[in-house]
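upload.cif, holding mmCIF, N, CA and C atoms and all ligand atoms:
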```
data_data
loop_
_atom_site.label_atom_id
_atom_site.label_comp_id
_atom_site.auth_asym_id
_atom_site.auth_seq_id
_atom_site.Cartn_x
_atom_site.Cartn_y
_atom_site.Cartn_z
N MET L 1204 -5.22 43.22 30.45
CA MET L 1204 -4.69 42.26 31.40
C MET L 1204 -3.21 42.55 31.58
N PRO L 1205 -2.77 42.64 32.81
CA PRO L 1205 -1.36 42.92 33.05
C PRO L 1205 -0.48 41.76 32.56
N ARG L 1206 0.68 42.15 32.13
CA ARG L 1206 1.62 41.16 31.58
C ARG L 1206 2.07 40.20 32.69
N GLY L 1207 2.22 38.88 32.33
CA GLY L 1207 2.71 37.89 33.27
C GLY L 1207 1.63 37.36 34.20
N ARG L 1208 0.44 37.82 34.02
CA ARG L 1208 -0.64 37.34 34.87
C ARG L 1208 -1.10 35.95 34.43
N ARG L 1209 -1.55 35.12 35.37
CA ARG L 1209 -2.01 33.76 35.06
C ARG L 1209 -3.24 33.81 34.17
N THR L 1210 -3.24 32.95 33.16
CA THR L 1210 -4.39 32.88 32.27
C THR L 1210 -5.19 31.60 32.49
N ARG L 1211 -4.64 30.65 33.24
CA ARG L 1211 -5.37 29.40 33.52
C ARG L 1211 -6.23 29.59 34.76
N ALA L 1212 -7.28 28.83 34.79
CA ALA L 1212 -8.11 28.84 35.98
C ALA L 1212 -7.36 28.15 37.10
N PRO L 1213 -7.58 28.54 38.33
CA PRO L 1213 -6.90 27.86 39.44
C PRO L 1213 -7.28 26.37 39.47
N GLY L 1214 -6.32 25.53 39.71
CA GLY L 1214 -6.57 24.10 39.77
C GLY L 1214 -6.45 23.40 38.43
N MET L 1215 -6.32 24.16 37.35
CA MET L 1215 -6.20 23.56 36.03
C MET L 1215 -4.77 23.02 35.86
N LEU L 1216 -4.66 21.82 35.31
CA LEU L 1216 -3.35 21.20 35.16
C LEU L 1216 -2.52 21.90 34.10
N ARG L 1217 -1.24 21.94 34.35
CA ARG L 1217 -0.31 22.44 33.34
C ARG L 1217 -0.11 21.36 32.30
N SER L 1218 0.21 21.79 31.10
CA SER L 1218 0.52 20.78 30.08
C SER L 1218 1.85 20.14 30.42
N VAL L 1219 1.88 18.84 30.30
CA VAL L 1219 3.07 18.08 30.64
C VAL L 1219 3.49 17.27 29.42
N SER L 1220 4.75 17.27 29.15
CA SER L 1220 5.24 16.46 28.03
C SER L 1220 5.48 15.03 28.51
N LEU L 1221 4.87 14.09 27.80
CA LEU L 1221 5.06 12.68 28.11
C LEU L 1221 5.76 12.00 26.95
N PRO L 1222 6.70 11.16 27.23
CA PRO L 1222 7.34 10.43 26.13
C PRO L 1222 6.36 9.41 25.56
N LEU L 1223 6.24 9.38 24.24
CA LEU L 1223 5.37 8.41 23.59
C LEU L 1223 6.14 7.12 23.38
N LEU L 1224 5.45 6.05 23.57
CA LEU L 1224 6.07 4.75 23.35
C LEU L 1224 6.07 4.47 21.85
N ALA L 1225 7.21 4.13 21.35
CA ALA L 1225 7.32 3.81 19.93
C ALA L 1225 6.96 2.36 19.72
N ARG L 1226 6.09 2.13 18.77
CA ARG L 1226 5.70 0.76 18.46
C ARG L 1226 6.43 0.35 17.18
N GLN L 1227 7.20 -0.69 17.29
CA GLN L 1227 7.93 -1.16 16.12
C GLN L 1227 7.26 -2.42 15.59
N THR L 1228 7.21 -2.51 14.28
CA THR L 1228 6.65 -3.68 13.63
C THR L 1228 7.72 -4.28 12.71
N ARG L 1229 7.92 -5.56 12.87
CA ARG L 1229 8.84 -6.27 11.97
C ARG L 1229 8.01 -6.93 10.87
N TRP L 1230 8.48 -6.75 9.64
CA TRP L 1230 7.77 -7.27 8.48
C TRP L 1230 8.66 -8.29 7.77
N SER L 1231 8.04 -9.25 7.14
CA SER L 1231 8.79 -10.22 6.34
C SER L 1231 7.90 -10.72 5.21
N CYS L 1232 8.50 -11.46 4.32
CA CYS L 1232 7.76 -12.00 3.18
C CYS L 1232 7.90 -13.53 3.20
N PRO L 1233 6.79 -14.25 3.07
CA PRO L 1233 6.89 -15.72 3.04
C PRO L 1233 7.46 -16.25 1.74
N ASN L 1234 7.60 -15.40 0.72
CA ASN L 1234 8.07 -15.87 -0.59
C ASN L 1234 9.50 -15.49 -0.91
N CYS L 1235 10.10 -14.61 -0.11
CA CYS L 1235 11.49 -14.22 -0.37
C CYS L 1235 12.14 -13.84 0.98
N THR L 1236 13.31 -13.26 0.91
CA THR L 1236 14.05 -12.96 2.14
C THR L 1236 13.91 -11.51 2.59
N GLN L 1237 13.06 -10.73 1.93
CA GLN L 1237 12.91 -9.31 2.24
C GLN L 1237 12.31 -9.12 3.65
N THR L 1238 12.89 -8.20 4.42
CA THR L 1238 12.36 -7.85 5.74
C THR L 1238 12.37 -6.34 5.88
N ALA L 1239 11.63 -5.85 6.86
CA ALA L 1239 11.59 -4.41 7.14
C ALA L 1239 11.24 -4.21 8.61
N LEU L 1240 11.59 -3.03 9.11
CA LEU L 1240 11.25 -2.65 10.47
C LEU L 1240 10.68 -1.25 10.41
N THR L 1241 9.46 -1.05 10.92
CA THR L 1241 8.83 0.27 10.90
C THR L 1241 8.46 0.68 12.31
N GLY L 1242 8.31 1.99 12.51
CA GLY L 1242 7.95 2.52 13.82
C GLY L 1242 6.80 3.49 13.77
N GLU L 1243 5.94 3.35 12.77
CA GLU L 1243 4.81 4.26 12.63
C GLU L 1243 3.68 3.84 13.57
N PRO L 1244 3.07 4.79 14.28
CA PRO L 1244 2.00 4.42 15.21
C PRO L 1244 0.68 4.10 14.51
N GLU L 1245 0.45 4.68 13.32
CA GLU L 1245 -0.82 4.44 12.63
C GLU L 1245 -0.77 3.09 11.91
N PRO L 1246 -1.96 2.52 11.63
CA PRO L 1246 -1.96 1.29 10.83
C PRO L 1246 -1.32 1.55 9.47
N HIS L 1247 -0.49 0.67 9.05
CA HIS L 1247 0.22 0.85 7.78
C HIS L 1247 0.66 -0.50 7.24
N ALA L 1248 1.17 -0.50 6.05
CA ALA L 1248 1.69 -1.71 5.43
C ALA L 1248 2.94 -1.34 4.64
N ARG L 1249 3.77 -2.30 4.43
CA ARG L 1249 4.98 -2.12 3.64
C ARG L 1249 4.89 -3.02 2.42
N TYR L 1250 5.32 -2.49 1.31
CA TYR L 1250 5.32 -3.24 0.06
C TYR L 1250 6.75 -3.42 -0.42
N HIS L 1251 6.94 -4.41 -1.27
CA HIS L 1251 8.25 -4.63 -1.86
C HIS L 1251 8.08 -5.31 -3.21
N GLN L 1252 9.11 -5.22 -4.00
CA GLN L 1252 9.11 -5.93 -5.27
C GLN L 1252 9.64 -7.33 -4.99
N CYS L 1253 8.76 -8.30 -5.00
CA CYS L 1253 9.07 -9.64 -4.49
C CYS L 1253 9.77 -10.51 -5.52
N ALA L 1254 10.95 -10.95 -5.16
CA ALA L 1254 11.70 -11.85 -6.03
C ALA L 1254 11.04 -13.22 -6.11
N GLY L 1255 10.28 -13.59 -5.09
CA GLY L 1255 9.61 -14.89 -5.08
C GLY L 1255 8.29 -14.90 -5.82
N LEU L 1256 7.76 -13.71 -6.17
CA LEU L 1256 6.49 -13.62 -6.89
C LEU L 1256 6.70 -12.86 -8.20
N MET L 1257 7.62 -13.29 -8.98
CA MET L 1257 7.87 -12.76 -10.33
C MET L 1257 8.16 -11.26 -10.35
N GLY L 1258 8.62 -10.70 -9.23
CA GLY L 1258 8.94 -9.28 -9.21
C GLY L 1258 7.74 -8.37 -9.04
N LEU L 1259 6.58 -8.91 -8.68
CA LEU L 1259 5.39 -8.08 -8.47
C LEU L 1259 5.54 -7.26 -7.20
N TYR L 1260 4.82 -6.16 -7.15
CA TYR L 1260 4.83 -5.27 -6.00
C TYR L 1260 3.78 -5.77 -5.01
N VAL L 1261 4.21 -6.44 -3.94
CA VAL L 1261 3.29 -7.09 -3.01
C VAL L 1261 3.59 -6.64 -1.57
N PRO L 1262 2.60 -6.78 -0.67
CA PRO L 1262 2.83 -6.35 0.71
C PRO L 1262 3.68 -7.34 1.50
N LEU L 1263 4.44 -6.79 2.43
CA LEU L 1263 5.08 -7.62 3.44
C LEU L 1263 4.02 -7.93 4.49
N VAL L 1264 4.23 -8.97 5.28
CA VAL L 1264 3.30 -9.30 6.36
C VAL L 1264 4.03 -9.19 7.69
N ALA L 1265 3.27 -8.91 8.74
CA ALA L 1265 3.88 -8.80 10.06
C ALA L 1265 4.53 -10.13 10.41
N ASP L 1266 5.72 -10.03 10.99
CA ASP L 1266 6.46 -11.24 11.36
C ASP L 1266 5.60 -12.16 12.21
N GLY L 1267 5.65 -13.43 11.95
CA GLY L 1267 4.91 -14.41 12.74
C GLY L 1267 3.50 -14.66 12.25
N THR L 1268 3.07 -13.97 11.20
CA THR L 1268 1.72 -14.17 10.67
C THR L 1268 1.68 -15.48 9.88
N ASP L 1269 0.74 -16.34 10.24
CA ASP L 1269 0.56 -17.59 9.52
C ASP L 1269 -0.27 -17.29 8.27
N CYS L 1270 0.38 -17.22 7.13
CA CYS L 1270 -0.33 -16.83 5.91
C CYS L 1270 0.41 -17.31 4.68
N LYS L 1271 -0.25 -17.14 3.56
CA LYS L 1271 0.44 -17.32 2.28
C LYS L 1271 0.11 -16.11 1.42
N VAL L 1272 1.09 -15.73 0.61
CA VAL L 1272 0.93 -14.60 -0.31
C VAL L 1272 1.12 -15.15 -1.71
N TYR L 1273 0.13 -14.91 -2.57
CA TYR L 1273 0.22 -15.42 -3.94
C TYR L 1273 -0.37 -14.41 -4.92
N ALA L 1274 0.01 -14.58 -6.17
CA ALA L 1274 -0.49 -13.70 -7.22
C ALA L 1274 -1.46 -14.48 -8.08
N THR L 1275 -2.49 -13.78 -8.58
CA THR L 1275 -3.45 -14.42 -9.48
C THR L 1275 -3.31 -13.80 -10.87
N GLU L 1276 -3.22 -14.66 -11.84
CA GLU L 1276 -3.11 -14.19 -13.22
C GLU L 1276 -4.43 -13.60 -13.68
N ARG L 1277 -4.33 -12.69 -14.61
CA ARG L 1277 -5.54 -12.11 -15.19
C ARG L 1277 -6.28 -13.20 -15.94
N ALA L 1278 -7.57 -13.34 -15.66
CA ALA L 1278 -8.34 -14.43 -16.22
C ALA L 1278 -8.97 -14.10 -17.57
N ASP L 1279 -9.06 -12.82 -17.90
CA ASP L 1279 -9.67 -12.47 -19.18
C ASP L 1279 -8.61 -11.95 -20.16
N TYR L 1280 -9.03 -11.73 -21.39
CA TYR L 1280 -8.09 -11.28 -22.41
C TYR L 1280 -7.59 -9.88 -22.11
N VAL L 1281 -6.35 -9.63 -22.43
CA VAL L 1281 -5.78 -8.30 -22.23
C VAL L 1281 -6.38 -7.33 -23.24
N SER L 1282 -6.45 -7.72 -24.47
CA SER L 1282 -7.13 -6.97 -25.52
C SER L 1282 -6.81 -5.49 -25.54
N GLY L 1283 -5.56 -5.13 -25.47
CA GLY L 1283 -5.17 -3.73 -25.59
C GLY L 1283 -5.19 -2.95 -24.29
N ASP L 1284 -5.65 -3.55 -23.18
CA ASP L 1284 -5.62 -2.86 -21.90
C ASP L 1284 -4.17 -2.67 -21.44
N LEU L 1285 -3.93 -1.62 -20.67
CA LEU L 1285 -2.61 -1.40 -20.08
C LEU L 1285 -2.60 -2.12 -18.74
N VAL L 1286 -2.14 -3.35 -18.74
CA VAL L 1286 -2.21 -4.19 -17.54
C VAL L 1286 -0.85 -4.30 -16.86
N GLN L 1287 -0.90 -4.76 -15.60
CA GLN L 1287 0.32 -5.03 -14.84
C GLN L 1287 0.93 -6.32 -15.38
N VAL L 1288 2.14 -6.23 -15.84
CA VAL L 1288 2.85 -7.41 -16.32
C VAL L 1288 4.00 -7.66 -15.36
N ALA L 1289 4.12 -8.90 -14.91
CA ALA L 1289 5.19 -9.22 -13.96
C ALA L 1289 6.54 -9.16 -14.65
N PRO L 1290 7.51 -8.47 -14.03
CA PRO L 1290 8.84 -8.41 -14.63
C PRO L 1290 9.49 -9.78 -14.74
N GLY L 1291 9.13 -10.70 -13.85
CA GLY L 1291 9.79 -12.00 -13.83
C GLY L 1291 9.40 -12.93 -14.95
N ASP L 1292 8.12 -12.93 -15.34
CA ASP L 1292 7.70 -13.86 -16.38
C ASP L 1292 6.92 -13.19 -17.52
N GLY L 1293 6.66 -11.90 -17.42
CA GLY L 1293 6.00 -11.19 -18.50
C GLY L 1293 4.51 -11.49 -18.63
N ARG L 1294 3.92 -12.15 -17.67
CA ARG L 1294 2.50 -12.50 -17.75
C ARG L 1294 1.67 -11.43 -17.02
N PRO L 1295 0.42 -11.24 -17.47
CA PRO L 1295 -0.43 -10.24 -16.82
C PRO L 1295 -1.04 -10.77 -15.51
N TYR L 1296 -0.92 -10.00 -14.45
CA TYR L 1296 -1.50 -10.38 -13.16
C TYR L 1296 -2.55 -9.37 -12.77
N MET L 1297 -3.60 -9.85 -12.13
CA MET L 1297 -4.67 -8.94 -11.73
C MET L 1297 -4.68 -8.66 -10.23
N SER L 1298 -4.02 -9.50 -9.42
CA SER L 1298 -4.01 -9.23 -7.99
C SER L 1298 -2.96 -10.04 -7.27
N ALA L 1299 -2.63 -9.58 -6.08
CA ALA L 1299 -1.82 -10.35 -5.13
C ALA L 1299 -2.67 -10.48 -3.88
N VAL L 1300 -2.69 -11.66 -3.32
CA VAL L 1300 -3.57 -11.95 -2.18
C VAL L 1300 -2.75 -12.40 -0.98
N VAL L 1301 -3.06 -11.81 0.18
CA VAL L 1301 -2.50 -12.28 1.45
C VAL L 1301 -3.63 -13.05 2.13
N GLU L 1302 -3.47 -14.35 2.27
CA GLU L 1302 -4.50 -15.19 2.87
C GLU L 1302 -3.99 -15.74 4.19
N ARG L 1303 -4.63 -15.32 5.28
CA ARG L 1303 -4.17 -15.73 6.62
C ARG L 1303 -4.88 -16.99 7.08
N ALA L 1304 -4.27 -17.66 8.04
CA ALA L 1304 -4.82 -18.92 8.55
C ALA L 1304 -6.16 -18.71 9.25
N ASP L 1305 -6.38 -17.51 9.80
CA ASP L 1305 -7.66 -17.24 10.49
C ASP L 1305 -8.80 -16.93 9.52
N GLY L 1306 -8.53 -16.95 8.23
CA GLY L 1306 -9.57 -16.71 7.23
C GLY L 1306 -9.60 -15.29 6.69
N SER L 1307 -8.92 -14.37 7.34
CA SER L 1307 -8.91 -12.99 6.84
C SER L 1307 -7.96 -12.89 5.65
N ASN L 1308 -8.17 -11.89 4.83
CA ASN L 1308 -7.29 -11.71 3.68
C ASN L 1308 -7.23 -10.25 3.26
N ASP L 1309 -6.19 -9.93 2.52
CA ASP L 1309 -6.02 -8.62 1.90
C ASP L 1309 -5.70 -8.88 0.44
N THR L 1310 -6.16 -7.97 -0.40
CA THR L 1310 -5.91 -8.12 -1.83
C THR L 1310 -5.38 -6.82 -2.40
N VAL L 1311 -4.33 -6.93 -3.18
CA VAL L 1311 -3.82 -5.79 -3.93
C VAL L 1311 -4.27 -6.00 -5.37
N ALA L 1312 -5.04 -5.06 -5.90
CA ALA L 1312 -5.55 -5.19 -7.27
C ALA L 1312 -4.65 -4.42 -8.22
N TYR L 1313 -4.28 -5.08 -9.30
CA TYR L 1313 -3.50 -4.41 -10.35
C TYR L 1313 -4.48 -4.07 -11.48
N ALA L 1314 -5.22 -3.01 -11.28
CA ALA L 1314 -6.23 -2.61 -12.26
C ALA L 1314 -5.55 -2.07 -13.52
N PRO L 1315 -6.14 -2.33 -14.67
CA PRO L 1315 -5.58 -1.77 -15.89
C PRO L 1315 -5.61 -0.24 -15.83
N ALA L 1316 -4.62 0.37 -16.42
CA ALA L 1316 -4.56 1.83 -16.44
C ALA L 1316 -5.56 2.36 -17.46
N ALA L 1317 -6.15 3.48 -17.13
CA ALA L 1317 -7.12 4.10 -18.04
C ALA L 1317 -6.37 4.94 -19.07
N ARG L 1318 -7.00 5.08 -20.22
CA ARG L 1318 -6.45 5.95 -21.26
C ARG L 1318 -7.41 7.11 -21.42
N LEU L 1319 -7.00 8.28 -20.95
CA LEU L 1319 -7.90 9.43 -20.96
C LEU L 1319 -7.44 10.56 -21.86
N ARG L 1320 -6.32 10.43 -22.46
CA ARG L 1320 -5.77 11.54 -23.23
C ARG L 1320 -6.74 12.00 -24.32
N ARG L 1321 -7.27 11.09 -25.10
CA ARG L 1321 -8.18 11.48 -26.18
C ARG L 1321 -9.48 12.04 -25.63
N LEU L 1322 -9.94 11.49 -24.51
CA LEU L 1322 -11.19 11.96 -23.93
C LEU L 1322 -11.05 13.41 -23.49
N PHE L 1323 -9.97 13.75 -22.78
CA PHE L 1323 -9.77 15.13 -22.35
C PHE L 1323 -9.57 16.05 -23.53
N ALA L 1324 -8.85 15.58 -24.50
CA ALA L 1324 -8.61 16.41 -25.69
C ALA L 1324 -9.92 16.69 -26.41
N ALA L 1325 -10.79 15.69 -26.49
CA ALA L 1325 -12.06 15.87 -27.18
C ALA L 1325 -12.95 16.86 -26.44
N ARG L 1326 -12.94 16.83 -25.13
CA ARG L 1326 -13.78 17.75 -24.36
C ARG L 1326 -13.31 19.19 -24.48
N ARG L 1327 -12.05 19.37 -24.67
CA ARG L 1327 -11.51 20.73 -24.79
C ARG L 1327 -11.49 21.21 -26.23
N GLY L 1328 -11.97 20.39 -27.14
CA GLY L 1328 -11.95 20.79 -28.54
C GLY L 1328 -10.57 20.77 -29.13
N LEU L 1329 -9.70 19.96 -28.58
CA LEU L 1329 -8.31 19.94 -29.03
C LEU L 1329 -8.01 18.76 -29.97
N THR L 1330 -9.02 18.04 -30.37
CA THR L 1330 -8.74 16.91 -31.26
C THR L 1330 -8.32 17.42 -32.63
N ARG L 1331 -7.46 16.66 -33.22
CA ARG L 1331 -6.98 17.02 -34.56
C ARG L 1331 -8.06 16.73 -35.60
N GLN L 1332 -8.16 17.57 -36.53
CA GLN L 1332 -9.08 17.32 -37.66
C GLN L 1332 -8.37 16.44 -38.66
N ARG L 1333 -9.03 15.37 -39.05
CA ARG L 1333 -8.41 14.47 -40.03
C ARG L 1333 -9.07 14.62 -41.36
ZN ZN E 1401 8.82 -11.17 -1.16
#
```

Spell out the structure here as structure tokens.
Ligand SMILES: [Zn+2]
Amino acid sequence: MPRGRRTRAPGMLRSVSLPLLARQTRWSCPNCTQTALTGEPEPHARYHQCAGLMGLYVPLVADGTDCKVYATERADYVSGDLVQVAPGDGRPYMSAVVERADGSNDTVAYAPAARLRRLFAARRGLTRQR
């Protein structure tokens, strides 16, 4: 094919650059004064360490959302589990809940951390002989 020759079919549109509209979302927290502004087009959420919820890591909510955000304490015994402890009061929490007026909700679970070091060591034959 000779250089500079058209490669598109006749009548085919040229690519055109269009400016994308930026969508900004304002976030706030009903329990403290933290706010944020984001411009990501995909669905997303922002989290913060909330001074109003014992320092737990909880989501911000879109400005104007009629909701409440609260933390639920762990209902069972800790019993050696590596649990999320709130920096504000030192108590173990299992979740933070965003409960909206329309009935929808989101939950952040603070699952206990797993301890796998001995398990991996045992599988590789690396356990110490006692
Ligand atoms: Zn907050």

Within 12 Å of region 1299-1307 of chain L using only C-alpha atoms, minus same-chain residues under 3 positions, as a ChimeraX atom specification: /L:1232-1234,1250,1252-1253,1256-1265,1267-1277,1287,1289,1295-1296,1310-1314

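For the pair CA of Pro1244 (chain L) and atom N of Arg1226 (chain L), the interatomic distance is 5.9 Å.
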
Among listed residues L:Ser1298, L:Ser1282, L:Gln1237, L:Asn1308, nearest ligand ZN 1401 (chain E) (using all atoms listed in the file): L:Gln1237

Coordinates-based distance that separates CA of Ala1317 (chain L) from CA of Asp1279 (chain L) (Å, one decimal):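 Spanning CA of Asp1279 (chain L) to CA of Ala1317 (chain L) is a straight-line distance of 16.8 Å.
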
Residues flagged helix (DSSP H, G or I) by DSSP in region 1219-1325 of chain L, as a ChimeraX atom specification: /L:1254-1256,1320-1325

Applying 8 Å and only C-alpha atoms, which residues near Asp1284 (chain L) remain after dropping the ones on its own chain fewer than 2 positions away? List them as a short mmCIF file (atom, residue, chain, number, x, y, z; two decimals) with N, CA and C atoms, in the coordinates of the input.
```
data_model
loop_
_atom_site.label_atom_id
_atom_site.label_comp_id
_atom_site.auth_asym_id
_atom_site.auth_seq_id
_atom_site.Cartn_x
_atom_site.Cartn_y
_atom_site.Cartn_z
N VAL L 1281 -6.35 -9.63 -22.43
CA VAL L 1281 -5.78 -8.30 -22.23
C VAL L 1281 -6.38 -7.33 -23.24
N SER L 1282 -6.45 -7.72 -24.47
CA SER L 1282 -7.13 -6.97 -25.52
C SER L 1282 -6.81 -5.49 -25.54
N VAL L 1286 -2.14 -3.35 -18.74
CA VAL L 1286 -2.21 -4.19 -17.54
C VAL L 1286 -0.85 -4.30 -16.86
N PRO L 1315 -6.14 -2.33 -14.67
CA PRO L 1315 -5.58 -1.77 -15.89
C PRO L 1315 -5.61 -0.24 -15.83
N ALA L 1316 -4.62 0.37 -16.42
CA ALA L 1316 -4.56 1.83 -16.44
C ALA L 1316 -5.56 2.36 -17.46
#
```

CA of Pro1222 (chain L) to atom N of Ala1239 (chain L), straight-line distance in Å: 25.6 Å

DSSP strand (DSSP E) residues within region 1243-1324 of chain L, as a list in words: Tyr1250, His1251, Gln1252, Tyr1260, Val1261, Pro1262, Val1264, Ala1265, Cys1270, Lys1271, Val1272, Tyr1273, Ala1274, Thr1275, Glu1276, Tyr1296, Met1297, Ser1298, Ala1299, Val1300, Val1301, Glu1302, Arg1303, Asn1308, Asp1309, Thr1310, Val1311 and Ala1312 of chain L

Would you write out those residues with N, CA and C atoms, as a tab-separated table (two decimals), in the frame of the given file?
```
chain	number	residue	atom	x	y	z
L	1250	TYR	N	5.32	-2.49	1.31
L	1250	TYR	CA	5.32	-3.24	0.06
L	1250	TYR	C	6.75	-3.42	-0.42
L	1251	HIS	N	6.94	-4.41	-1.27
L	1251	HIS	CA	8.25	-4.63	-1.86
L	1251	HIS	C	8.08	-5.31	-3.21
L	1252	GLN	N	9.11	-5.22	-4.00
L	1252	GLN	CA	9.11	-5.93	-5.27
L	1252	GLN	C	9.64	-7.33	-4.99
L	1260	TYR	N	4.82	-6.16	-7.15
L	1260	TYR	CA	4.83	-5.27	-6.00
L	1260	TYR	C	3.78	-5.77	-5.01
L	1261	VAL	N	4.21	-6.44	-3.94
L	1261	VAL	CA	3.29	-7.09	-3.01
L	1261	VAL	C	3.59	-6.64	-1.57
L	1262	PRO	N	2.60	-6.78	-0.67
L	1262	PRO	CA	2.83	-6.35	0.71
L	1262	PRO	C	3.68	-7.34	1.50
L	1264	VAL	N	4.23	-8.97	5.28
L	1264	VAL	CA	3.30	-9.30	6.36
L	1264	VAL	C	4.03	-9.19	7.69
L	1265	ALA	N	3.27	-8.91	8.74
L	1265	ALA	CA	3.88	-8.80	10.06
L	1265	ALA	C	4.53	-10.13	10.41
L	1270	CYS	N	0.38	-17.22	7.13
L	1270	CYS	CA	-0.33	-16.83	5.91
L	1270	CYS	C	0.41	-17.31	4.68
L	1271	LYS	N	-0.25	-17.14	3.56
L	1271	LYS	CA	0.44	-17.32	2.28
L	1271	LYS	C	0.11	-16.11	1.42
L	1272	VAL	N	1.09	-15.73	0.61
L	1272	VAL	CA	0.93	-14.60	-0.31
L	1272	VAL	C	1.12	-15.15	-1.71
L	1273	TYR	N	0.13	-14.91	-2.57
L	1273	TYR	CA	0.22	-15.42	-3.94
L	1273	TYR	C	-0.37	-14.41	-4.92
L	1274	ALA	N	0.01	-14.58	-6.17
L	1274	ALA	CA	-0.49	-13.70	-7.22
L	1274	ALA	C	-1.46	-14.48	-8.08
L	1275	THR	N	-2.49	-13.78	-8.58
L	1275	THR	CA	-3.45	-14.42	-9.48
L	1275	THR	C	-3.31	-13.80	-10.87
L	1276	GLU	N	-3.22	-14.66	-11.84
L	1276	GLU	CA	-3.11	-14.19	-13.22
L	1276	GLU	C	-4.43	-13.60	-13.68
L	1296	TYR	N	-0.92	-10.00	-14.45
L	1296	TYR	CA	-1.50	-10.38	-13.16
L	1296	TYR	C	-2.55	-9.37	-12.77
L	1297	MET	N	-3.60	-9.85	-12.13
L	1297	MET	CA	-4.67	-8.94	-11.73
L	1297	MET	C	-4.68	-8.66	-10.23
L	1298	SER	N	-4.02	-9.50	-9.42
L	1298	SER	CA	-4.01	-9.23	-7.99
L	1298	SER	C	-2.96	-10.04	-7.27
L	1299	ALA	N	-2.63	-9.58	-6.08
L	1299	ALA	CA	-1.82	-10.35	-5.13
L	1299	ALA	C	-2.67	-10.48	-3.88
L	1300	VAL	N	-2.69	-11.66	-3.32
L	1300	VAL	CA	-3.57	-11.95	-2.18
L	1300	VAL	C	-2.75	-12.40	-0.98
L	1301	VAL	N	-3.06	-11.81	0.18
L	1301	VAL	CA	-2.50	-12.28	1.45
L	1301	VAL	C	-3.63	-13.05	2.13
L	1302	GLU	N	-3.47	-14.35	2.27
L	1302	GLU	CA	-4.50	-15.19	2.87
L	1302	GLU	C	-3.99	-15.74	4.19
L	1303	ARG	N	-4.63	-15.32	5.28
L	1303	ARG	CA	-4.17	-15.73	6.62
L	1303	ARG	C	-4.88	-16.99	7.08
L	1308	ASN	N	-8.17	-11.89	4.83
L	1308	ASN	CA	-7.29	-11.71	3.68
L	1308	ASN	C	-7.23	-10.25	3.26
L	1309	ASP	N	-6.19	-9.93	2.52
L	1309	ASP	CA	-6.02	-8.62	1.90
L	1309	ASP	C	-5.70	-8.88	0.44
L	1310	THR	N	-6.16	-7.97	-0.40
L	1310	THR	CA	-5.91	-8.12	-1.83
L	1310	THR	C	-5.38	-6.82	-2.40
L	1311	VAL	N	-4.33	-6.93	-3.18
L	1311	VAL	CA	-3.82	-5.79	-3.93
L	1311	VAL	C	-4.27	-6.00	-5.37
L	1312	ALA	N	-5.04	-5.06	-5.90
L	1312	ALA	CA	-5.55	-5.19	-7.27
L	1312	ALA	C	-4.65	-4.42	-8.22
```
